[in-house]
Structure formats: structure tokens, C-alpha cells
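Participant: As input, take work-v3.txt (compact mmCIF, C-alpha atoms and all ligand atoms):
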```txt
# COMPACT_ATOMS: atom_id res chain seq x y z
CA MET A 163 16.20 7.51 12.50
CA THR A 164 14.49 8.48 9.22
CA PRO A 165 12.91 5.42 7.65
CA ILE A 166 14.04 4.38 4.19
CA ALA A 167 11.41 5.17 1.57
CA VAL A 168 10.39 2.18 -0.51
CA THR A 169 8.86 2.26 -3.97
CA LEU A 170 7.28 -0.90 -5.31
CA LEU A 171 7.18 -1.34 -9.08
CA THR A 172 4.51 -3.73 -10.21
CA GLY A 173 2.87 -4.47 -13.55
CA PHE A 174 2.31 -7.42 -15.80
CA LEU A 175 5.03 -9.21 -17.79
CA GLY A 176 6.79 -6.88 -20.17
CA ALA A 177 4.95 -3.76 -19.01
CA GLY A 178 8.19 -1.77 -18.79
CA LYS A 179 9.26 -2.11 -15.15
CA THR A 180 12.95 -2.67 -15.85
CA THR A 181 12.96 0.10 -18.43
CA LEU A 182 11.55 2.50 -15.85
CA LEU A 183 13.98 1.30 -13.19
CA ARG A 184 16.88 1.95 -15.54
CA HIS A 185 15.57 5.44 -16.11
CA ILE A 186 15.17 6.06 -12.37
CA LEU A 187 18.73 4.98 -11.69
CA ASN A 188 20.17 7.09 -14.47
CA GLU A 189 18.44 10.32 -13.47
CA GLN A 190 20.38 12.91 -11.54
CA HIS A 191 18.15 12.90 -8.49
CA GLY A 192 20.64 12.92 -5.66
CA PHE A 193 19.17 9.79 -4.04
CA LYS A 194 21.25 6.74 -3.27
CA ILE A 195 19.02 3.93 -4.37
CA ALA A 196 19.21 0.26 -3.51
CA VAL A 197 17.28 -2.19 -5.65
CA ILE A 198 15.64 -5.51 -5.00
CA GLU A 199 14.93 -7.40 -8.19
CA ASN A 200 12.77 -10.45 -8.31
CA GLU A 201 13.20 -12.71 -11.30
CA PHE A 202 12.19 -16.19 -12.18
CA GLY A 203 14.98 -18.59 -12.85
CA GLU A 204 18.52 -18.88 -11.69
CA VAL A 205 20.05 -16.60 -14.25
CA SER A 206 19.54 -12.96 -13.58
CA VAL A 207 19.19 -10.88 -16.69
CA ASP A 208 17.69 -7.67 -15.44
CA ASP A 209 20.49 -6.67 -13.09
CA GLN A 210 22.82 -6.74 -16.09
CA LEU A 211 20.41 -4.49 -17.92
CA ILE A 212 20.20 -2.04 -15.06
CA GLY A 213 23.92 -1.30 -15.06
CA ASP A 214 25.92 -0.15 -12.07
CA ARG A 215 24.06 2.95 -10.94
CA ALA A 216 22.34 1.42 -7.94
CA THR A 217 24.05 1.33 -4.56
CA GLN A 218 23.26 -2.32 -4.18
CA ILE A 219 21.22 -4.72 -6.26
CA LYS A 220 19.80 -7.79 -4.63
CA THR A 221 18.33 -10.28 -7.03
CA LEU A 222 15.89 -12.78 -5.64
CA THR A 223 15.59 -15.67 -8.04
CA ASN A 224 14.22 -18.34 -5.76
CA GLY A 225 10.65 -18.05 -7.00
CA CYS A 226 8.28 -15.16 -6.80
CA ILE A 227 8.62 -13.03 -3.65
CA CYS A 228 4.89 -12.74 -3.24
CA CYS A 229 4.33 -16.46 -2.92
CA THR A 230 7.50 -18.10 -1.63
CA ARG A 231 7.34 -19.25 1.93
CA SER A 232 11.04 -18.75 2.44
CA ASN A 233 10.81 -15.12 3.61
CA GLU A 234 13.31 -14.29 0.95
CA LEU A 235 12.10 -10.71 0.72
CA GLU A 236 12.20 -10.22 4.48
CA ASP A 237 15.74 -11.61 4.60
CA ALA A 238 16.85 -9.38 1.75
CA LEU A 239 15.37 -6.30 3.46
CA LEU A 240 17.10 -7.17 6.73
CA ASP A 241 20.39 -7.91 4.96
CA LEU A 242 20.30 -4.49 3.32
CA LEU A 243 19.76 -2.86 6.72
CA ASP A 244 22.66 -4.85 8.22
CA SER A 245 25.03 -3.82 5.46
CA ARG A 246 23.92 -0.22 5.80
CA ASP A 247 24.30 -0.23 9.59
CA ARG A 248 27.77 -1.70 9.27
CA GLY A 249 28.66 1.11 6.90
CA GLU A 250 29.31 -1.25 3.98
CA ILE A 251 26.71 0.39 1.78
CA ASP A 252 24.82 3.64 1.85
CA PHE A 253 21.34 4.16 0.47
CA ASP A 254 18.37 6.33 1.31
CA ARG A 255 15.73 4.86 -0.98
CA LEU A 256 14.82 1.37 -2.03
CA VAL A 257 13.08 0.31 -5.22
CA ILE A 258 11.63 -3.19 -5.48
CA GLU A 259 10.82 -4.57 -8.89
CA CYS A 260 8.32 -7.41 -8.69
CA THR A 261 7.97 -10.14 -11.25
CA GLY A 262 5.26 -9.62 -13.83
CA MET A 263 3.03 -12.25 -12.22
CA ALA A 264 3.54 -11.08 -8.64
CA ASP A 265 0.68 -10.23 -6.34
CA PRO A 266 1.66 -6.97 -4.62
CA GLY A 267 -0.55 -7.73 -1.58
CA PRO A 268 1.78 -10.00 0.40
CA ILE A 269 4.76 -7.83 -0.55
CA ILE A 270 3.02 -4.74 0.83
CA GLN A 271 2.08 -6.62 3.97
CA THR A 272 5.73 -7.46 4.65
CA PHE A 273 6.22 -3.77 5.45
CA PHE A 274 3.42 -3.74 8.00
CA SER A 275 3.79 -7.07 9.71
CA HIS A 276 7.47 -7.25 10.67
CA GLU A 277 8.50 -5.05 13.58
CA ILE A 278 11.96 -4.02 12.42
CA LEU A 279 10.88 -3.58 8.82
CA CYS A 280 7.98 -1.37 9.99
CA GLN A 281 10.37 0.86 11.88
CA ARG A 282 13.17 1.10 9.38
CA TYR A 283 11.30 1.18 6.07
CA LEU A 284 8.40 3.32 4.96
CA LEU A 285 6.39 2.08 2.03
CA ASP A 286 6.10 5.27 0.02
CA GLY A 287 4.13 4.05 -2.96
CA VAL A 288 3.08 1.31 -5.31
CA ILE A 289 3.60 2.15 -8.97
CA ALA A 290 1.78 -0.05 -11.47
CA LEU A 291 2.96 -0.08 -15.07
CA VAL A 292 0.36 -0.90 -17.66
CA ASP A 293 1.26 -1.86 -21.21
CA ALA A 294 -1.10 0.14 -23.44
CA VAL A 295 -0.67 -2.40 -26.24
CA HIS A 296 -1.51 -5.56 -24.29
CA ALA A 297 -3.21 -4.50 -21.07
CA ASP A 298 -6.77 -5.15 -22.18
CA ASP A 299 -6.05 -8.74 -23.16
CA GLN A 300 -3.88 -9.31 -20.11
CA MET A 301 -6.56 -8.01 -17.76
CA ASN A 302 -9.21 -10.11 -19.53
CA GLN A 303 -7.12 -13.22 -19.09
CA PHE A 304 -5.37 -12.69 -15.76
CA THR A 305 -7.05 -11.26 -12.70
CA ILE A 306 -3.60 -10.62 -11.23
CA ALA A 307 -3.05 -7.98 -13.93
CA GLN A 308 -6.13 -6.18 -12.57
CA SER A 309 -5.03 -6.62 -8.96
CA GLN A 310 -1.69 -5.00 -9.72
CA VAL A 311 -3.61 -1.94 -10.93
CA GLY A 312 -5.88 -2.14 -7.89
CA TYR A 313 -3.00 -1.78 -5.43
CA ALA A 314 -1.42 1.19 -7.18
CA ASP A 315 -0.90 4.72 -5.92
CA ARG A 316 0.18 5.74 -9.41
CA ILE A 317 -0.59 4.07 -12.72
CA LEU A 318 1.89 4.51 -15.55
CA LEU A 319 0.62 3.78 -19.02
CA THR A 320 3.55 2.59 -21.15
CA LYS A 321 3.91 2.04 -24.91
CA THR A 322 1.40 4.71 -25.90
CA ASP A 323 3.98 5.55 -28.58
CA VAL A 324 2.80 2.32 -30.26
CA ALA A 325 -0.78 1.95 -29.08
CA GLY A 326 -1.79 5.60 -28.99
CA GLU A 327 -4.05 7.01 -26.31
CA SER A 328 -7.13 5.03 -25.46
CA ASP A 329 -9.94 6.54 -23.44
CA LYS A 330 -11.47 3.09 -23.11
CA LEU A 331 -8.38 1.70 -21.44
CA ARG A 332 -8.11 4.72 -19.14
CA GLU A 333 -11.74 4.32 -18.23
CA ARG A 334 -11.20 0.67 -17.43
CA LEU A 335 -8.19 1.45 -15.25
CA THR A 336 -10.17 4.10 -13.40
CA ARG A 337 -12.97 1.63 -12.84
CA ILE A 338 -10.48 -0.75 -11.28
CA ASN A 339 -8.77 1.94 -9.23
CA SER A 340 -10.45 5.31 -8.96
CA ARG A 341 -7.82 6.55 -6.52
CA ALA A 342 -4.61 6.42 -8.54
CA PRO A 343 -3.75 9.11 -11.08
CA ILE A 344 -2.74 7.80 -14.52
CA TYR A 345 0.37 9.14 -16.25
CA THR A 346 1.78 8.15 -19.61
CA VAL A 347 5.42 7.20 -19.85
CA THR A 348 7.46 6.30 -22.91
CA PHE A 349 10.51 4.13 -22.38
CA GLY A 350 10.54 5.00 -18.69
CA ASP A 351 10.91 8.71 -19.25
CA ILE A 352 9.05 10.39 -16.41
CA ASP A 353 9.72 13.09 -13.86
CA LEU A 354 10.62 11.30 -10.65
CA ALA A 355 8.61 13.80 -8.64
CA GLN A 356 5.58 11.94 -9.97
CA LEU A 357 6.86 8.63 -8.65
CA PHE A 358 8.50 9.39 -5.35
CA ASN A 359 6.89 10.75 -2.18
CA THR A 360 3.41 9.62 -3.17
CA ASN A 361 2.76 9.05 0.54
CA GLY A 362 0.48 6.29 -0.58
CA PHE A 363 0.61 4.58 2.77
CA MET A 364 0.77 7.67 4.93
CA LEU A 365 -2.32 8.76 6.74
CA GLU A 366 -2.15 12.50 6.20
CA GLU A 367 -3.39 12.40 2.65
CA ASN A 368 -6.39 14.47 1.74
CA VAL A 369 -8.72 11.85 0.38
CA THR A 370 -11.05 13.51 -2.06
CA THR A 371 -11.03 10.86 -4.71
CA ARG A 372 -14.00 10.71 -6.97
CA PRO A 373 -14.41 8.54 -10.01
CA ARG A 374 -13.90 10.56 -13.13
CA PHE A 375 -16.36 8.43 -15.05
CA HIS A 376 -19.91 7.68 -14.31
CA PHE A 377 -20.24 4.00 -14.92
CA MET A 378 -22.63 1.16 -14.89
CA ALA A 379 -22.13 -2.12 -13.08
CA ASP A 380 -18.78 -3.60 -13.92
CA LYS A 381 -19.02 -6.72 -16.02
CA GLN A 382 -15.54 -6.49 -17.45
CA ASN A 383 -13.32 -6.55 -14.40
CA ASP A 384 -12.93 -8.81 -11.39
CA VAL A 385 -11.13 -5.97 -9.65
CA SER A 386 -12.97 -2.71 -9.25
CA SER A 387 -13.29 0.26 -6.95
CA ILE A 388 -16.13 2.08 -5.30
CA VAL A 389 -16.36 5.37 -3.49
CA VAL A 390 -18.54 5.53 -0.40
CA GLU A 391 -19.59 8.97 0.76
CA LEU A 392 -21.54 9.71 3.93
CA ASP A 393 -23.04 13.05 4.79
CA TYR A 394 -23.72 12.09 8.42
CA PRO A 395 -21.36 11.55 11.36
CA VAL A 396 -20.54 8.02 12.43
CA ASP A 397 -19.51 6.42 15.67
CA ILE A 398 -15.91 5.24 15.73
CA SER A 399 -16.65 1.92 17.43
CA GLU A 400 -19.46 1.31 14.96
CA VAL A 401 -17.07 1.89 12.07
CA SER A 402 -14.67 -0.65 13.57
CA ARG A 403 -17.51 -3.10 13.84
CA VAL A 404 -18.49 -2.61 10.19
CA MET A 405 -14.88 -3.02 9.10
CA GLU A 406 -14.34 -6.11 11.27
CA ASN A 407 -17.47 -7.67 9.80
CA LEU A 408 -16.41 -6.90 6.26
CA LEU A 409 -12.94 -8.27 6.91
CA LEU A 410 -14.32 -11.40 8.48
CA SER A 411 -15.98 -12.36 5.22
CA PHE A 412 -14.02 -10.48 2.57
CA ALA A 413 -10.48 -9.77 3.84
CA ASP A 414 -8.87 -11.43 0.85
CA LYS A 415 -11.04 -9.50 -1.56
CA LEU A 416 -10.46 -6.05 -0.11
CA LEU A 417 -7.16 -5.29 -1.75
CA ARG A 418 -6.92 -1.74 -0.58
CA TYR A 419 -9.09 0.85 1.07
CA LYS A 420 -8.52 4.33 2.28
CA GLY A 421 -10.73 7.05 3.64
CA MET A 422 -11.43 10.07 5.70
CA LEU A 423 -14.21 9.87 8.27
CA TRP A 424 -16.52 12.26 10.03
CA ILE A 425 -16.66 10.91 13.57
CA ASP A 426 -19.53 11.93 15.78
CA GLY A 427 -18.59 14.61 18.30
CA GLU A 428 -14.98 14.87 17.12
CA PRO A 429 -13.54 18.11 15.78
CA ASN A 430 -10.82 16.27 13.84
CA ARG A 431 -10.93 14.20 10.68
CA LEU A 432 -10.12 10.52 11.05
CA LEU A 433 -7.99 9.02 8.31
CA PHE A 434 -7.92 5.31 7.88
CA GLN A 435 -6.54 2.84 5.41
CA GLY A 436 -5.84 -0.80 5.00
CA VAL A 437 -4.52 -3.60 2.87
CA GLN A 438 -6.54 -6.78 3.18
CA ARG A 439 -6.62 -7.67 6.90
CA LEU A 440 -4.39 -4.91 8.14
CA TYR A 441 -5.82 -1.49 8.72
CA SER A 442 -5.00 1.54 10.77
CA ALA A 443 -6.56 4.88 11.65
CA ASP A 444 -5.20 8.20 12.79
CA TRP A 445 -6.53 11.60 13.78
CA ASP A 446 -5.89 14.28 11.25
CA ARG A 447 -6.39 18.05 11.35
CA PRO A 448 -9.67 19.65 12.47
CA TRP A 449 -12.44 20.08 9.92
CA GLY A 450 -12.30 23.84 10.38
CA ASP A 451 -14.57 25.65 7.96
CA GLU A 452 -15.00 22.57 5.79
CA GLN A 453 -18.39 20.84 5.88
CA PRO A 454 -17.60 17.50 7.59
CA HIS A 455 -18.32 14.40 5.53
CA SER A 456 -16.86 10.93 5.04
CA VAL A 457 -15.34 9.61 1.86
CA MET A 458 -13.79 6.19 1.42
CA VAL A 459 -12.41 4.32 -1.56
CA PHE A 460 -12.53 0.53 -1.61
CA ILE A 461 -10.60 -1.42 -4.21
CA GLY A 462 -11.10 -5.13 -4.41
CA LEU A 463 -11.57 -8.39 -6.13
CA GLU A 464 -15.23 -9.18 -6.82
CA LEU A 465 -15.81 -6.24 -4.55
CA PRO A 466 -18.69 -6.86 -2.13
CA GLU A 467 -20.24 -3.51 -3.04
CA ASP A 468 -23.66 -4.16 -1.57
CA GLU A 469 -22.25 -5.31 1.75
CA ILE A 470 -19.93 -2.31 1.97
CA HIS A 471 -22.69 0.16 1.15
CA ALA A 472 -25.14 -1.58 3.49
CA GLY A 473 -22.61 -1.71 6.33
CA PHE A 474 -22.01 2.03 6.27
CA ALA A 475 -25.60 2.98 5.44
CA ALA A 476 -26.67 1.22 8.64
CA LEU A 477 -24.62 3.75 10.61
CA ARG A 478 -27.00 6.58 9.79
CA LYS A 479 -28.76 7.48 13.00
N1 LIG B 1 7.45 1.02 -27.61
C1 LIG B 1 7.71 1.00 -26.31
N2 LIG B 1 8.37 -0.06 -25.79
C2 LIG B 1 8.63 -0.05 -24.47
C3 LIG B 1 8.23 1.01 -23.61
N3 LIG B 1 8.61 0.71 -22.34
C4 LIG B 1 9.23 -0.50 -22.40
N4 LIG B 1 9.26 -0.95 -23.68
C5 LIG B 1 9.83 -2.21 -24.19
O1 LIG B 1 9.05 -3.29 -23.68
C6 LIG B 1 9.87 -4.43 -23.46
C7 LIG B 1 9.68 -4.93 -22.04
O2 LIG B 1 10.16 -3.94 -21.15
P1 LIG B 1 10.77 -4.28 -19.73
O3 LIG B 1 11.17 -3.00 -19.12
O4 LIG B 1 11.77 -5.36 -19.81
O5 LIG B 1 9.46 -4.86 -19.06
P2 LIG B 1 9.30 -5.56 -17.63
O6 LIG B 1 8.01 -5.09 -17.08
O7 LIG B 1 10.53 -5.33 -16.81
O8 LIG B 1 9.21 -7.07 -18.05
P3 LIG B 1 9.25 -8.41 -17.13
O9 LIG B 1 10.49 -8.29 -16.29
O10 LIG B 1 9.27 -9.49 -18.12
O11 LIG B 1 8.00 -8.43 -16.35
C8 LIG B 1 11.29 -3.98 -23.76
O12 LIG B 1 11.60 -4.38 -25.07
C9 LIG B 1 11.23 -2.47 -23.67
O13 LIG B 1 12.19 -1.83 -24.49
C10 LIG B 1 7.50 2.12 -24.21
O14 LIG B 1 7.08 3.08 -23.55
N5 LIG B 1 7.29 2.05 -25.54
```
Starting from the coordinates I provided, produce the structure as C-alpha cells.
Facilitator:
Amino acid sequence: MTPIAVTLLTGFLGAGKTTLLRHILNEQHGFKIAVIENEFGEVSVDDQLIGDRATQIKTLTNGCICCTRSNELEDALLDLLDSRDRGEIDFDRLVIECTGMADPGPIIQTFFSHEILCQRYLLDGVIALVDAVHADDQMNQFTIAQSQVGYADRILLTKTDVAGESDKLRERLTRINSRAPIYTVTFGDIDLAQLFNTNGFMLEENVTTRPRFHFMADKQNDVSSIVVELDYPVDISEVSRVMENLLLSFADKLLRYKGMLWIDGEPNRLLFQGVQRLYSADWDRPWGDEQPHSVMVFIGLELPEDEIHAGFAALRK
């Protein structure tokens, strides 16, 4: 059975998530989309704004889905599957709109830690919306606004019609997350091909991410990213040991990491990625004519850069 592709919309309060969702639902894309909305408070406003284009809208108002202990998100995901299996509703994609204060981490983990959800849903991508007018202040004040950017596979800069383009803001976003491309979007108007099928959590991605800016130590952000590149082969069990050690001390700080490794004596590339404590690895295609090398991107909160660099540097034989 083909898993249902899930897109997670995150971004700080007022960044334009609902506006984008409305645009997604009104496009002629041929998908049947179900929506999970998360709002604070008993009265749901956004589902009235969205209109009736979604197959099914589930609104979770019992607190924020990233921090409630009630498994409300899990229940909603299972309910949707039940209704679909009973033939009551039909959908082939799911979009989840988080609240503006939500931490995407636990939401992402839901898709990796529950057996049925793992099988039936495929987390396709995390889209972070960033309000070009307010983002700087928001990220200065709230680390969660930085984390939302840190988890993203795509960053959408909204409200540039008011704020204009800012290289400084783009540079800051790239410092936080050097992996995600940044697109501008005005009132949600964007080609869906840029949002869907990002394969953000698939392992066959060609990871060649490099920071587009050369920067100094990051004093501005709590969340930042680093790229680790190794021009020597490493032992797979040694890599596991380095990762286990890093996770032992810093699991909560390593928001997201992804990489391609040159494993000693192996003709194939090893792709690996993780979100906090959960990580996985898979063999990819052979290196072929390409010069083998390793490249990894780590995105995290108060990123333990020295420890990461030291851990992998120690693998040089
Ligand atoms: N000028 C301008 N306004 C925008 C743009 N995108 C969204 N808005 C406006 O920004 C306001 C907030 O947009 P929403 O889509 O409700 O934002 P949200 O992220 O869903 O907000 P919360 O649910 O509160 O987190 C609305 O008044 C939108 O019309 C844009 O690109 N340009």
C-alpha cells in the first residue's frame, strides 16, 4: 500500500501558514488532501477560513500537538486512516498546520515512533514559513522560531511585498539551516512542485549541501547548522559510536542531521539522517566515478560544534 505523503507546515505566529494552506487547497493539483489543523482555544477559526476544499479537516484544539500528552495527533492520524479504510473519506496527501508556537520535533517523531503511522504515512517534508517583516525580532526573542527554521526542508519567506528582500535575513536563515532552500512567497502563491515531494525524510537524497555564506562564529542564533566534510573513509561501527556518544549528551540539541558517508571498503554510499534521538542509515548507489567523500549537515540548538567536529576528526586513521 502506498503510504500517504505528509507535509508539515510550521512557522511562527502569523507567518502565513493558513494563507498558504488555503492556496494549496485551491490549486488544481489533482491531489485529495486531508488537513489537520492545530489551534489554541476551543473555537476554531482557521477551518472556516480554509473553506471546503479539503477532503477532511480535523481541528485539534486541546492544546498544542507538540506538547500535549494526550496523543491527540496520533489519535487524529489513526482516525483518518480508519475513515479512509472504511471508505468514508478518500485522500492521498495530508497537510498538518502546526500552531505558531509549536515545536516540530515531537510532531516529526510521531511519524517515526508509532508502528502503524510509520507504515501508512510518509513524512514528505517540513515547510517553515518565515515572516520577512517580523522574523528577526521573533527569532531574537523566541528560540522556537529558530528551531522551526532548523527543522525545515524548505523555507518560505512571506510578506516580502511589505518588507522587501533582505540579504541579512536570508543569511541568518542559512546560518540556522544551511540545508533548506529559501523561496519567497506572497500571500501563499507558490508552485506546489516546490512544496510537495521534497523527500526530506527519504534516504536517497543527494546530500551536497554547502553553506552559501562564509560566516564567523554565530552569536546571533541559538539554532545553527554546520557542515562536516571528511576526505577519508570511516568505519561504520565507529560512526555509530560517535553518533551514540553525541546523542548521549546532546540528543535534545541535535534537531536534525543528514549526511552521506564514505565507508571504508564499501563501494556504495551510506546515507543517514536523524531527528534528535532517532536516526537511520541506508546503503545508496555506488560511488562510481565520483571521488568518495563524506558530507553531513547538523542543525541544532546551541550546536555542540566542537564535539561534532572532534568526534568525526578522531575517525581519521
Ligand atoms: N502582506 C502580506 N501579508 C501576508 C502574506 N501572507 C500572509 N499574510 C497575512 O498575514 C496574516 C497572518 O497570516 P496567516 O496565514 O493567518 O498566518 P498563520 O501563520 O496561519 O498565523 P497563526 O495561525 O496565528 O500562527 C494574515 O492577515 C495574512 O493575510 C504575504 O505574503 N504578504
Participant: I need the residue nearest ligand LIG 1 (chain B) from this list: A:Thr261, A:Asn188, A:Gln300, A:Ser399. Use all atoms listed in the file for the distance.
Facilitator: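 Of A:Thr261, A:Asn188, A:Gln300, A:Ser399, the one nearest ligand LIG 1 (chain B), counting all atoms listed in the file, is A:Thr261.
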Participant: Show me, as an NGL selection string, the residues that have an atom within 12 Å of Ser402 in chain A when counting all atoms listed in the file, minus same-chain residues fewer than 6 positions from it.
Facilitator: :A and (396 or 408-410 or 423 or 425 or 434 or 441-443 or 473-474 or 477)
Participant: Using all atoms listed in the file, tabulate the residues of chain A lying at most 9 Å from any atom of ligand LIG 1 (chain B), each with its closest atom pair and that distance in Å to one decimal, by chain and increasing residue number, as a Markdown table.
Facilitator:
```
| residue | atom | partner | partner_atom | distance |
| --- | --- | --- | --- | --- |
| A:Leu171 | CA | B:LIG1 | O6 | 8.9 |
| A:Thr172 | CA | B:LIG1 | O6 | 7.8 |
| A:Gly173 | CA | B:LIG1 | O6 | 6.3 |
| A:Phe174 | CA | B:LIG1 | O11 | 5.8 |
| A:Leu175 | CA | B:LIG1 | O11 | 3.4 |
| A:Gly176 | CA | B:LIG1 | O8 | 3.2 |
| A:Ala177 | CA | B:LIG1 | O6 | 3.9 |
| A:Gly178 | CA | B:LIG1 | O3 | 3.2 |
| A:Lys179 | CA | B:LIG1 | O6 | 3.8 |
| A:Thr180 | CA | B:LIG1 | O7 | 3.7 |
| A:Thr181 | CA | B:LIG1 | O3 | 3.6 |
| A:Leu182 | CA | B:LIG1 | O3 | 6.4 |
| A:Leu183 | CA | B:LIG1 | O3 | 7.8 |
| A:Arg184 | CA | B:LIG1 | O3 | 8.4 |
| A:Asn200 | CA | B:LIG1 | O9 | 8.6 |
| A:Glu201 | CA | B:LIG1 | O9 | 7.2 |
| A:Asp208 | CA | B:LIG1 | O9 | 7.3 |
| A:Leu211 | CA | B:LIG1 | O4 | 8.9 |
| A:Glu259 | CA | B:LIG1 | O7 | 8.0 |
| A:Cys260 | CA | B:LIG1 | O11 | 7.7 |
| A:Thr261 | CA | B:LIG1 | O11 | 5.4 |
| A:Gly262 | CA | B:LIG1 | O11 | 3.9 |
| A:Met263 | CA | B:LIG1 | O11 | 7.5 |
| A:Leu291 | CA | B:LIG1 | O6 | 7.4 |
| A:Val292 | CA | B:LIG1 | O6 | 8.7 |
| A:Asp293 | CA | B:LIG1 | N3 | 7.9 |
| A:Ala294 | CA | B:LIG1 | O14 | 8.7 |
| A:Val295 | CA | B:LIG1 | N1 | 8.9 |
| A:Leu319 | CA | B:LIG1 | O14 | 7.9 |
| A:Thr320 | CA | B:LIG1 | O14 | 4.3 |
| A:Lys321 | CA | B:LIG1 | N5 | 3.4 |
| A:Thr322 | CA | B:LIG1 | O14 | 6.4 |
| A:Asp323 | CA | B:LIG1 | N5 | 5.7 |
| A:Val324 | CA | B:LIG1 | N1 | 5.5 |
| A:Ala325 | CA | B:LIG1 | N1 | 8.4 |
| A:Thr346 | CA | B:LIG1 | O14 | 8.3 |
| A:Val347 | CA | B:LIG1 | O14 | 5.8 |
| A:Thr348 | CA | B:LIG1 | O14 | 3.3 |
| A:Phe349 | CA | B:LIG1 | O14 | 3.8 |
| A:Gly350 | CA | B:LIG1 | N3 | 6.0 |
| A:Asp351 | CA | B:LIG1 | O14 | 8.1 |
```
Participant: What does the distance from CA of Asn339 in chain A to CA of Leu235 in chain A come to in Å, to one decimal?
Facilitator: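 Here the two named atoms are 26.4 Å from each other.
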Participant: Measuring between only C-alpha atoms, which one of A:Glu452, A:Asp254, A:Asp414, A:Glu467 shows the shortest distance to Ser386 in chain A?
Facilitator: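 Closest residue, counting only C-alpha atoms: A:Glu467.
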Participant: Produce the centre coordinates and the three edge lengths, each in Å to one decimal, of the box along x, y and z that contains all listed atoms of range 176-187 of chain A with 4 Å added on each side, as lines of an AutoDock Vina configuration file.
Facilitator:
```
center_x = 11.8
center_y = -0.4
center_z = -15.9
size_x = 21.8
size_y = 20.9
size_z = 16.5
```
Participant: Can you work out the spacing between CA of Asp315 in chain A and CA of Val288 in chain A in Å, to one decimal?
Facilitator: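 The value is 5.3 Å.
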